[in-house]
Amino acid sequence: MRVLVIVPTFNERETIEPLLHAILALDGYQAMVVDDRSPDGTGEIADLVAAKYPGRVSVLHRTGRAGLGRAYVDGFQHALIGDADRICQMDADFSHDPKALPELVAAVDDADLAIGSRYVHGISVVNWPLRRLVLSTFANRYIRAVTGLPLTDCTAGFRCWRRETLERIPLDRIVSEGYAFQVEMAFEAVRRGARVVEVPIVFTERTQGHSKLSGSRLTESLLMPWRLRARPALAAPSPSTAEPAPTTDPPLPIR
């Protein structure tokens, strides 16, 4: 089984190298860094690691910062050109423990999507202020009420996808730019009959760098559930489609 872990980055120079080493310590795992031209040199650090581990680390350099959702879409589209059987996604700041990856991957043996959940067995969050915890728990209840998603953690970003599940989702029609992307992807997967399992994890707030949460992303997260509820079913991509959807941007260099 071939496992690819996609890690989007923007100014994560303190954590990207140790994170990649932690992923590579897992037998047979590969990593793809999707960097939004980080001014702190994160992309260049990832390139150095990729040079040390040819065939196991690749770096997708995007032309500018267009949001978490677009970074993942670009990463997924490139991953589907390759031969990965399981495609994982995780944050670059160690809030998601790389040691939990094998459990997520194993869960997909009997499911289409495994989500690392902070709330499946109570609350498993470390170092969050009360305000952030209240916001997150309210957001998940709100999303469930509007969309009907059968999940305790709709906004979780630690996931493992079965390749075939991602191939059924029209990635070129995904519109979320921020954290609402996680909700939109889960919604489209469930709408297509995907079997989703939640795996309990411990989420640890970053100790280095800065959170990317902003007011505009919160607004998007509030509106997206209603847009999903009103959205007609999106057609699945053609099985013959092998290349990423064309864009107006220059081609994305990958090393």
# chains A, B, ... in the order shown; residues from 1 in each chain; ligands from 1
>>> select_by_dssp(residues="stretch 102-236 of chain A", states="helix (DSSP H, G or I)", output="ChimeraX atom specification")
/A:102-110,130-147,163-167,171-173,180-191,215-230
>>> write_last_selection(atoms="C-alpha atoms", output="compact mmCIF listing (two decimals), in the first residue's frame")
# COMPACT_ATOMS: atom_id res chain seq x y z
CA PRO A 102 -0.96 4.60 10.80
CA GLU A 103 -4.20 4.38 12.78
CA LEU A 104 -5.94 6.70 10.32
CA VAL A 105 -4.59 4.74 7.38
CA ALA A 106 -5.65 1.42 8.91
CA ALA A 107 -9.17 2.77 9.50
CA VAL A 108 -9.61 3.27 5.76
CA ASP A 109 -9.35 -0.49 5.25
CA ASP A 110 -13.04 -0.57 6.26
CA LEU A 130 -11.62 28.49 26.54
CA ARG A 131 -12.82 30.97 23.90
CA ARG A 132 -11.32 28.91 21.07
CA LEU A 133 -12.73 25.67 22.47
CA VAL A 134 -16.23 27.15 22.80
CA LEU A 135 -16.01 28.52 19.24
CA SER A 136 -14.96 25.14 17.83
CA THR A 137 -17.59 23.08 19.64
CA PHE A 138 -20.33 25.57 18.71
CA ALA A 139 -19.18 25.57 15.08
CA ASN A 140 -19.42 21.79 14.86
CA ARG A 141 -22.91 21.74 16.37
CA TYR A 142 -23.97 24.51 13.99
CA ILE A 143 -22.58 22.67 10.96
CA ARG A 144 -24.26 19.41 11.94
CA ALA A 145 -27.60 21.17 12.44
CA VAL A 146 -27.49 22.89 9.04
CA THR A 147 -25.95 20.17 6.86
CA ARG A 163 -7.96 7.09 -3.42
CA GLU A 164 -11.19 6.01 -5.07
CA THR A 165 -13.19 8.33 -2.81
CA LEU A 166 -11.20 11.40 -3.82
CA GLU A 167 -11.58 10.42 -7.47
CA LEU A 171 -12.26 18.83 -6.98
CA ASP A 172 -12.40 21.53 -9.64
CA ARG A 173 -15.82 22.56 -8.25
CA ALA A 180 -14.69 25.60 5.51
CA PHE A 181 -12.89 23.42 2.96
CA GLN A 182 -12.92 20.55 5.46
CA VAL A 183 -16.70 20.82 5.79
CA GLU A 184 -17.24 21.05 2.03
CA MET A 185 -15.11 17.98 1.32
CA ALA A 186 -16.81 15.91 4.03
CA PHE A 187 -20.22 16.99 2.72
CA GLU A 188 -19.40 15.98 -0.84
CA ALA A 189 -17.99 12.65 0.33
CA VAL A 190 -21.04 11.80 2.46
CA ARG A 191 -23.37 12.91 -0.34
CA GLY A 215 -12.21 36.92 10.48
CA SER A 216 -12.86 36.31 6.77
CA ARG A 217 -12.31 32.57 7.24
CA LEU A 218 -14.76 32.54 10.16
CA THR A 219 -17.35 34.30 8.00
CA GLU A 220 -16.83 31.76 5.22
CA SER A 221 -17.27 28.95 7.74
CA LEU A 222 -20.59 30.44 8.91
CA LEU A 223 -21.98 30.78 5.38
CA MET A 224 -20.69 27.57 3.80
CA PRO A 225 -23.09 25.14 5.56
CA TRP A 226 -26.09 27.00 4.11
CA ARG A 227 -24.52 27.06 0.66
CA LEU A 228 -23.93 23.31 0.88
CA ARG A 229 -27.50 22.70 1.99
CA ALA A 230 -28.80 24.60 -1.04
>>> closest_atom_pairs(of="stretch 63-98 of chain A", to="stretch 192-205 of chain A", cutoff="9 Å", atoms="only C-alpha atoms", output="JSON lines")
{"residue": "A:Asp93", "atom": "CA", "partner": "A:Glu205", "partner_atom": "CA", "distance": 8.4}
{"residue": "A:Phe94", "atom": "CA", "partner": "A:Thr204", "partner_atom": "CA", "distance": 7.4}
{"residue": "A:Ser95", "atom": "CA", "partner": "A:Thr204", "partner_atom": "CA", "distance": 4.5}
{"residue": "A:His96", "atom": "CA", "partner": "A:Phe203", "partner_atom": "CA", "distance": 6.0}
{"residue": "A:Asp97", "atom": "CA", "partner": "A:Phe203", "partner_atom": "CA", "distance": 7.7}
>>> closest_atom_pairs(of="stretch 150-232 of chain A", to="stretch 64-74 of chain A", cutoff="6 Å", atoms="only C-alpha atoms", output="Markdown table")
| residue | atom | partner | partner_atom | distance |
| --- | --- | --- | --- | --- |
| A:Ser176 | CA | A:Gly69 | CA | 5.6 |
| A:Glu177 | CA | A:Gly69 | CA | 4.3 |
| A:Gly178 | CA | A:Leu68 | CA | 5.1 |
| A:Phe181 | CA | A:Gly69 | CA | 5.2 |
>>> closest_residue(among="A:Ile81, A:Val5, A:Val49, A:Ala156", to="A:Ser117", atoms="only C-alpha atoms")
A:Ala156
>>> select_by_dssp(residues="stretch 52-168 of chain A", states="strand (DSSP E or B)", output="PyMOL selection string")
chain A and resi 57-61+86-89+113-117+125-126+159-162
>>> closest_residue(among="A:Asp112, A:Asp40, A:Asp153, A:Asp83", to="A:Glu12", atoms="only C-alpha atoms")
A:Asp40
>>> decode(residues="stretch 76-96 of chain A", atoms="N, CA, C and O atoms", output="compact mmCIF listing (two decimals), in the first residue's frame")
# COMPACT_ATOMS: atom_id res chain seq x y z
N PHE A 76 -4.25 17.41 -3.95
CA PHE A 76 -5.04 16.21 -4.27
C PHE A 76 -4.96 15.90 -5.77
O PHE A 76 -4.82 14.74 -6.17
N GLN A 77 -5.08 16.93 -6.58
CA GLN A 77 -5.05 16.69 -8.03
C GLN A 77 -3.72 16.12 -8.48
O GLN A 77 -3.68 15.20 -9.32
N HIS A 78 -2.63 16.61 -7.92
CA HIS A 78 -1.33 16.04 -8.26
C HIS A 78 -1.18 14.63 -7.68
O HIS A 78 -0.59 13.76 -8.32
N ALA A 79 -1.72 14.40 -6.49
CA ALA A 79 -1.63 13.07 -5.89
C ALA A 79 -2.36 12.04 -6.74
O ALA A 79 -1.90 10.89 -6.87
N LEU A 80 -3.48 12.42 -7.33
CA LEU A 80 -4.26 11.48 -8.12
C LEU A 80 -3.62 11.15 -9.45
O LEU A 80 -3.99 10.15 -10.09
N ILE A 81 -2.65 11.96 -9.87
CA ILE A 81 -1.88 11.60 -11.05
C ILE A 81 -0.91 10.48 -10.71
O ILE A 81 -0.56 9.65 -11.56
N GLY A 82 -0.47 10.43 -9.46
CA GLY A 82 0.48 9.42 -9.01
C GLY A 82 -0.21 8.10 -8.66
O GLY A 82 -1.34 7.84 -9.07
N ASP A 83 0.48 7.30 -7.85
CA ASP A 83 0.00 5.94 -7.60
C ASP A 83 -0.34 5.69 -6.13
O ASP A 83 -0.40 4.53 -5.71
N ALA A 84 -0.57 6.74 -5.36
CA ALA A 84 -0.88 6.55 -3.94
C ALA A 84 -2.23 5.87 -3.77
O ALA A 84 -3.21 6.22 -4.44
N ASP A 85 -2.30 4.89 -2.87
CA ASP A 85 -3.56 4.21 -2.55
C ASP A 85 -4.31 4.95 -1.46
O ASP A 85 -5.54 4.94 -1.42
N ARG A 86 -3.58 5.54 -0.52
CA ARG A 86 -4.16 6.28 0.59
C ARG A 86 -3.55 7.67 0.58
O ARG A 86 -2.32 7.82 0.51
N ILE A 87 -4.39 8.69 0.68
CA ILE A 87 -3.93 10.07 0.62
C ILE A 87 -4.36 10.76 1.92
O ILE A 87 -5.56 10.90 2.19
N CYS A 88 -3.38 11.18 2.70
CA CYS A 88 -3.64 11.80 4.00
C CYS A 88 -3.43 13.31 3.92
O CYS A 88 -2.70 13.80 3.05
N GLN A 89 -4.03 14.01 4.85
CA GLN A 89 -3.83 15.46 4.96
C GLN A 89 -3.62 15.80 6.43
O GLN A 89 -4.25 15.22 7.31
N MET A 90 -2.71 16.73 6.68
CA MET A 90 -2.43 17.13 8.06
C MET A 90 -1.81 18.51 8.10
O MET A 90 -1.26 19.00 7.10
N ASP A 91 -1.88 19.14 9.27
CA ASP A 91 -1.27 20.46 9.46
C ASP A 91 0.24 20.31 9.60
O ASP A 91 0.76 19.25 9.95
N ALA A 92 0.93 21.44 9.38
CA ALA A 92 2.39 21.42 9.40
C ALA A 92 2.98 21.77 10.76
O ALA A 92 4.20 21.77 10.91
N ASP A 93 2.14 22.07 11.75
CA ASP A 93 2.64 22.63 13.00
C ASP A 93 2.69 21.66 14.17
O ASP A 93 2.82 22.07 15.32
N PHE A 94 2.54 20.35 13.89
CA PHE A 94 2.53 19.30 14.92
C PHE A 94 1.29 19.32 15.79
O PHE A 94 1.25 18.63 16.81
N SER A 95 0.26 20.07 15.41
CA SER A 95 -1.01 19.94 16.12
C SER A 95 -1.62 18.57 15.85
O SER A 95 -2.39 18.05 16.67
N HIS A 96 -1.27 18.00 14.71
CA HIS A 96 -1.62 16.62 14.39
C HIS A 96 -0.37 15.76 14.58
O HIS A 96 0.67 16.06 13.99
